[in-house]
Amino acid sequence: MNTVIGKDDIDGIAARWVMRMDRGELGEAEQRDLDAWLAADSRHRGAFIRAQAIWCDMDRVAALGSGELLSAPRPRWSAASLRRAAAIAACALALTLASVGVSNRYLAGRESTDRGETRRLMLDDGSALALNTQSVLQVKYDDDERRIVLRSGEATFQVAHDEQRPFIVQAGDVSVRAVGTAFNVRMKPGGVEVTVTEGIVDILRTDDPGKTAIRRVAHNEEVIARAERPIEVAPLSDAAIERRLAWQEGRLIFDGERLAAAIEEVNRYSALRVVVDDPELAQKAFVGTFKIGDARGFAHAAAAAFEMRVVEQDQTLRLTQ
Amino acid sequence: MERGEHVRWFAREVLPHEADVRRWLARRVRGLPDCHVDEIVQEAYARLWATGPERIVNPRAYFFVTARHVVGELLRRLRVVSIEAIADIESLNIADEDVGLERRISGREEIERIQQILSKLPPKCREAFELRKFAELSQKEIAQRMQLSESTVEKHLVKALRLLMNEIRAADAAVVQSKVKAHEYRHRQR
C-alpha cells in the first residue's frame with residue numbers, strides 16, 4: 001500500500017489524505033505522517049478541513065439529486081438504492097457514526113438555527129425569510145411552486161409577488177399558501193400557529209387533497225391548527241402581532257402573559273434555563289420587554305416584580321420565595 | 001462537538017460563503033505582493049476550525065472578519081507595504097452587502113452546477129465518484145465492482161475531490177489568481 005503522500009500542492013495533499021481516510025482507518029505510521037503534516041503549517045490544517053467539508057457537502061448534494069445525478073442508467077444501481085435505504089435507517093440509529101451515510105440529513109436548501117440564534121435569508125425570487133431560534137426549514141423551489149418545508153420552530157416570510165409560482169409553507173399537516181404577502185408560522189407542541197401581517201393567505205391541511213376545509217386568513221387574524229381539530233381563526237390586534245414578531249428585533253415583549261408562558265418563551269432562546277416551581281407564581285400575569293437570550297436579566301426582573309430570589313446553579317436560574 | 005459533526009458544520013455554515021469571501025478578498029489584495037487568496041482562505045479555515053462552532057454565532061461574518069485579519073497580519077509581516085495600504089486594510093469596512101446577504105441557489109441549480117463539474121472528469125473517475133457518493137459504496141466495494149485496485153479507486157476519488165476543490169475556488173471567476181504550485185509555495189516566516 002502506498003503510504004507516501006508525496007510532492008503536490010497543499011490542496012492536492014489534503015485531498016489525498018481525505019480520500020485515504022475515506023478508505024478506512026489510517027495505520028499508525030500514516031496517522032503520524034498526517035499529524036506531522038497538519039502540525040507543520042496552519043494552511044495545511046485549513047486545506048485539510050476545507051477538503052473534508054467539500055467532500056462532506058457532496059452528501060447533501062447527493063441527497064438533493066436523489067438519483068438524478070447518476071450518469072449511468074438507473075437500474076444498475078437498484079442494489080445500491082437498497083443499500084441507500086439501509087443507510088438511511090442506520091443513519092437514524094447512529095448519527096455519530098458520521099462521515100459515511102449521513103447524506104440524508106442534509107437535504108437541499110436546508111437552513112437551521114441553534115438556540116438563541118436568528119437568521120435572515122434572501123431567496124432567489126426576492127422573498128425574504130427570518131428564522132427564529134432552534135428552527136429548521138428547507139427551501140424547495142421549482143418552476144411551478146416555491147415550497148418551504150418548516151420542520152420545526154418558527155419563521156417569518158416576506159413573499160415576493162409571483163402569480164405563476166405560488167409560495168407555500170408546509171408545517172406539519174398544515175399548508176399556508178400565499179401569492180404576495182407576509183406571515184409568520186410557528187410550530188408549537190400543540191399545533192401550528194399562523195400570524196398574517198400583510199395580505200391574505202390560504203390555509204389547508206395537507207391530508208385534505210379535495211381542499212374542502214380551506215381557510216382564507218387576512219391581516220390581523222391568527223390561525224391555530226391543532227392536530228385532529230378544525231382550523232381556528234381568531235382576530236389579532238396590531239399590538240399583539242408586534243409582540244409576537246418582536247424576536248426579529250431581538251426582543252421579547254410580554255403584556256400580561258402568565259409567568260410560566262413567559263419563561264417558556266425566554267427559555268427558547270437561552271441555554272441558561274429559567275425555572276419556577278411554585279404553581280401559584282407561575283400563573284401570575286407578567287409585563288416587560290427583554291433582550292433575546294438574556295435569561296438572567298429576565299429572571300432578576302421577574303424576581304424583583306414578585307419579590308422572589310434567583311438561585312443560579314448549573315445551567316438553571318431558579319425563582320424561589 | 002464530535003469531529004464528524006464539526007466537519008458537517010463547516011460544510012453547512014462556512015463552505016457556502018467561500019466564494020463570496022474569495023471575491024471580496026480578491027478585490028482587496030489584488031496587486032499586493034505575496035497575498036494569495038488561496039493561502040488566506042486556508043489560513044482562515046484553520047482559524048475558524050480552531051475557534052469552534054460554539055463560539056461562532058454568525059459564520060458568514062466571522063469568515064469575512066477572519067479573512068480580513070489574516071490579510072492585515074500578512075501585510076504587517078511582509079513589511080514591504082506602505083503604511084497607507086495597512087491603514088486601508090485596517091479600516092476595511094465589511095459592507096452589509098458582503099456579510100448580510102446570503103444568496104442561496106436552488107436545489108436544481110446546484111444539481112446542474114455539480115453535474116457540469118462532474119462532466120469534466122474522465123468516465124472511470126466519475127463512475128468511482130458516483131458510486132462512492134451517490135450509491136454509497138465503500139472504496140473497497142467500488143474496487144470490486146469496477147475491477148480496479150483499491151489504490152486506483154482512491155486515486156480516482158482524489159481527482160474528483162481535487163476538481164471540486166478547484167471549482168469552488170474558480171467561483172470567483174473574475175479573479176486572476178496565479179495558482180500556487182508545489183515548487184513555488186513559500187515557507188512562511190513566523
# chains A, B, ... in the order shown; residues from 1 in each chain; ligands from 1

$ residues_around --residues "stretch 155-170 of chain B" --least-positions-apart "2" --cutoff "7 Å" --atoms "only C-alpha atoms" --output "MDAnalysis selection string"
(chainID A and resid 12 15:16 19 51 54:55) or (chainID B and resid 19 121 125 128:129 151:153 172:173)

$ write_last_selection --atoms "N, CA and C atoms" --output "CSV table (one decimal), in the first residue's frame"
chain,number,residue,atom,x,y,z
A,12,GLY,N,-3.8,19.4,-3.1
A,12,GLY,CA,-3.6,18.0,-3.6
A,12,GLY,C,-3.3,17.1,-2.4
A,15,ALA,N,-6.4,16.6,-0.3
A,15,ALA,CA,-7.4,15.7,-0.9
A,15,ALA,C,-7.0,14.3,-0.8
A,16,ARG,N,-5.7,14.0,-0.9
A,16,ARG,CA,-5.2,12.6,-0.8
A,16,ARG,C,-5.4,12.1,0.6
A,19,MET,N,-9.1,11.3,1.2
A,19,MET,CA,-9.5,10.1,0.5
A,19,MET,C,-8.9,8.8,1.1
A,51,ALA,N,-11.1,20.5,2.5
A,51,ALA,CA,-11.3,19.3,1.7
A,51,ALA,C,-12.3,18.4,2.3
A,54,ILE,N,-15.8,19.9,1.8
A,54,ILE,CA,-16.3,19.8,0.5
A,54,ILE,C,-16.7,18.4,0.2
A,55,TRP,N,-16.0,17.4,0.7
A,55,TRP,CA,-16.3,16.0,0.5
A,55,TRP,C,-17.6,15.7,1.2
B,19,ALA,N,-17.0,31.4,-1.7
B,19,ALA,CA,-16.9,32.1,-3.0
B,19,ALA,C,-17.0,33.6,-2.8
B,121,LEU,N,-14.8,15.3,-15.5
B,121,LEU,CA,-14.0,14.1,-15.1
B,121,LEU,C,-13.9,13.1,-16.1
B,125,CYS,N,-13.3,7.9,-13.5
B,125,CYS,CA,-13.2,8.7,-12.3
B,125,CYS,C,-14.5,9.2,-11.9
B,128,ALA,N,-16.4,6.2,-10.4
B,128,ALA,CA,-16.0,5.9,-9.0
B,128,ALA,C,-16.6,6.9,-8.0
B,129,PHE,N,-16.6,8.2,-8.4
B,129,PHE,CA,-17.1,9.2,-7.5
B,129,PHE,C,-18.6,9.0,-7.3
B,151,SER,N,-6.2,1.1,-4.6
B,151,SER,CA,-5.4,2.4,-4.7
B,151,SER,C,-5.8,3.2,-5.9
B,152,THR,N,-6.2,2.5,-7.0
B,152,THR,CA,-6.7,3.2,-8.2
B,152,THR,C,-8.0,3.9,-7.9
B,153,VAL,N,-8.9,3.2,-7.2
B,153,VAL,CA,-10.1,3.9,-6.8
B,153,VAL,C,-9.8,5.1,-6.0
B,172,ASP,N,-14.9,32.4,-8.1
B,172,ASP,CA,-14.5,33.8,-8.2
B,172,ASP,C,-13.8,34.0,-9.6
B,173,ALA,N,-14.6,33.7,-10.6
B,173,ALA,CA,-14.1,33.6,-11.9
B,173,ALA,C,-13.4,34.9,-12.4

$ residues_around --residues "stretch 41-46 of chain B" --least-positions-apart "5" --cutoff "10 Å" --atoms "only C-alpha atoms" --output "MDAnalysis selection string"
(chainID A and resid 10:11 41:50) or (chainID B and resid 10 14:15 18 21:22 25 36 51 62:71 169)

$ atom_distance --atom1 "atom CA of A:Val276" --atom2 "atom CA of A:Leu317"
8.6 Å

$ select_by_dssp --residues "stretch 140-204 of chain A" --states "strand (DSSP E or B)" --output "ChimeraX atom specification"
/A:140-141,146-152,154-158,167-171,174-178,182-188,191-198,200-204

$ residues_around --residues "B:Glu13" --least-positions-apart "6" --cutoff "9 Å" --atoms "only C-alpha atoms" --output "PDB file with N, CA and C atoms, in the first residue's frame"
ATOM      1  N   ASN B  58     -22.326  33.990  13.939  1.00  0.00           N
ATOM      2  CA  ASN B  58     -22.626  34.276  12.538  1.00  0.00           C
ATOM      3  C   ASN B  58     -21.432  33.850  11.688  1.00  0.00           C
ATOM      4  N   PRO B  59     -21.459  32.625  11.180  1.00  0.00           N
ATOM      5  CA  PRO B  59     -20.286  32.089  10.482  1.00  0.00           C
ATOM      6  C   PRO B  59     -19.861  32.942   9.295  1.00  0.00           C
ATOM      7  N   ARG B  60     -20.844  33.471   8.592  1.00  0.00           N
ATOM      8  CA  ARG B  60     -20.506  34.267   7.414  1.00  0.00           C
ATOM      9  C   ARG B  60     -19.683  35.495   7.808  1.00  0.00           C
TER      10      ARG B  60
END

$ residues_around --residues "B:Val7" --least-positions-apart "2" --cutoff "8 Å" --atoms "only C-alpha atoms" --output "number ranges by chain"
A: 49, 52-53, 56; B: 3-5, 9-11

$ write_last_selection --atoms "N, CA and C atoms" --output "PDB file, in the first residue's frame"
ATOM      1  N   ILE A  49      -9.268  20.760   6.372  1.00  0.00           N
ATOM      2  CA  ILE A  49     -10.658  20.878   6.828  1.00  0.00           C
ATOM      3  C   ILE A  49     -11.550  21.303   5.656  1.00  0.00           C
ATOM      4  N   GLN A  52     -12.238  18.229   3.605  1.00  0.00           N
ATOM      5  CA  GLN A  52     -13.224  17.381   4.290  1.00  0.00           C
ATOM      6  C   GLN A  52     -14.630  17.955   4.165  1.00  0.00           C
ATOM      7  N   ALA A  53     -14.710  19.277   4.319  1.00  0.00           N
ATOM      8  CA  ALA A  53     -16.027  19.917   4.256  1.00  0.00           C
ATOM      9  C   ALA A  53     -16.623  19.761   2.852  1.00  0.00           C
ATOM     10  N   CYS A  56     -17.775  16.205   2.383  1.00  0.00           N
ATOM     11  CA  CYS A  56     -18.984  16.004   3.184  1.00  0.00           C
ATOM     12  C   CYS A  56     -20.187  16.681   2.517  1.00  0.00           C
TER      13      CYS A  56
ATOM     14  N   ARG B   3     -15.901  15.282  15.912  1.00  0.00           N
ATOM     15  CA  ARG B   3     -15.217  15.760  14.715  1.00  0.00           C
ATOM     16  C   ARG B   3     -16.082  15.728  13.448  1.00  0.00           C
ATOM     17  N   GLY B   4     -16.761  14.601  13.247  1.00  0.00           N
ATOM     18  CA  GLY B   4     -17.589  14.484  12.053  1.00  0.00           C
ATOM     19  C   GLY B   4     -18.659  15.565  12.017  1.00  0.00           C
ATOM     20  N   GLU B   5     -19.201  15.857  13.183  1.00  0.00           N
ATOM     21  CA  GLU B   5     -20.242  16.871  13.261  1.00  0.00           C
ATOM     22  C   GLU B   5     -19.661  18.264  12.975  1.00  0.00           C
ATOM     23  N   TRP B   9     -20.691  20.817  10.139  1.00  0.00           N
ATOM     24  CA  TRP B   9     -20.988  22.223  10.442  1.00  0.00           C
ATOM     25  C   TRP B   9     -20.250  23.128   9.454  1.00  0.00           C
ATOM     26  N   PHE B  10     -18.997  22.809   9.177  1.00  0.00           N
ATOM     27  CA  PHE B  10     -18.224  23.567   8.196  1.00  0.00           C
ATOM     28  C   PHE B  10     -18.887  23.514   6.823  1.00  0.00           C
ATOM     29  N   ALA B  11     -19.287  22.329   6.438  1.00  0.00           N
ATOM     30  CA  ALA B  11     -19.892  22.160   5.113  1.00  0.00           C
ATOM     31  C   ALA B  11     -21.157  23.007   5.010  1.00  0.00           C
TER      32      ALA B  11
END

$ atom_distance --atom1 "atom CA of A:Ala182" --atom2 "atom CA of A:Pro230"
23.3 Å

$ atom_distance --atom1 "atom CA of B:Pro16" --atom2 "atom CA of A:Ile148"
19.6 Å

$ residues_around --residues "B:Glu141" --least-positions-apart "5" --cutoff "12 Å" --atoms "only C-alpha atoms" --output "PDB file with C-alpha atoms, in the first residue's frame"
ATOM      1  CA  ARG A  23     -10.897   4.309   2.502  1.00  0.00           C
ATOM      2  CA  ALA A  80     -27.332   0.345  -4.342  1.00  0.00           C
TER       3      ALA A  80
ATOM      4  CA  ALA B 128     -15.984   5.909  -8.981  1.00  0.00           C
ATOM      5  CA  LEU B 131     -20.595   5.013  -6.752  1.00  0.00           C
ATOM      6  CA  ARG B 132     -18.963   6.394  -3.643  1.00  0.00           C
ATOM      7  CA  ALA B 135     -24.638   4.870  -4.413  1.00  0.00           C
ATOM      8  CA  GLU B 136     -22.783   4.943  -1.114  1.00  0.00           C
ATOM      9  CA  MET B 146     -15.097  -1.723 -11.290  1.00  0.00           C
ATOM     10  CA  GLN B 147     -12.421  -4.394 -11.166  1.00  0.00           C
ATOM     11  CA  LEU B 148      -9.747  -1.961 -10.171  1.00  0.00           C
ATOM     12  CA  SER B 149      -7.269  -1.961  -7.345  1.00  0.00           C
ATOM     13  CA  GLU B 150      -8.276  -0.062  -4.230  1.00  0.00           C
ATOM     14  CA  VAL B 153     -10.123   3.855  -6.849  1.00  0.00           C
ATOM     15  CA  GLU B 154      -8.596   6.122  -4.244  1.00  0.00           C
TER      16      GLU B 154
END
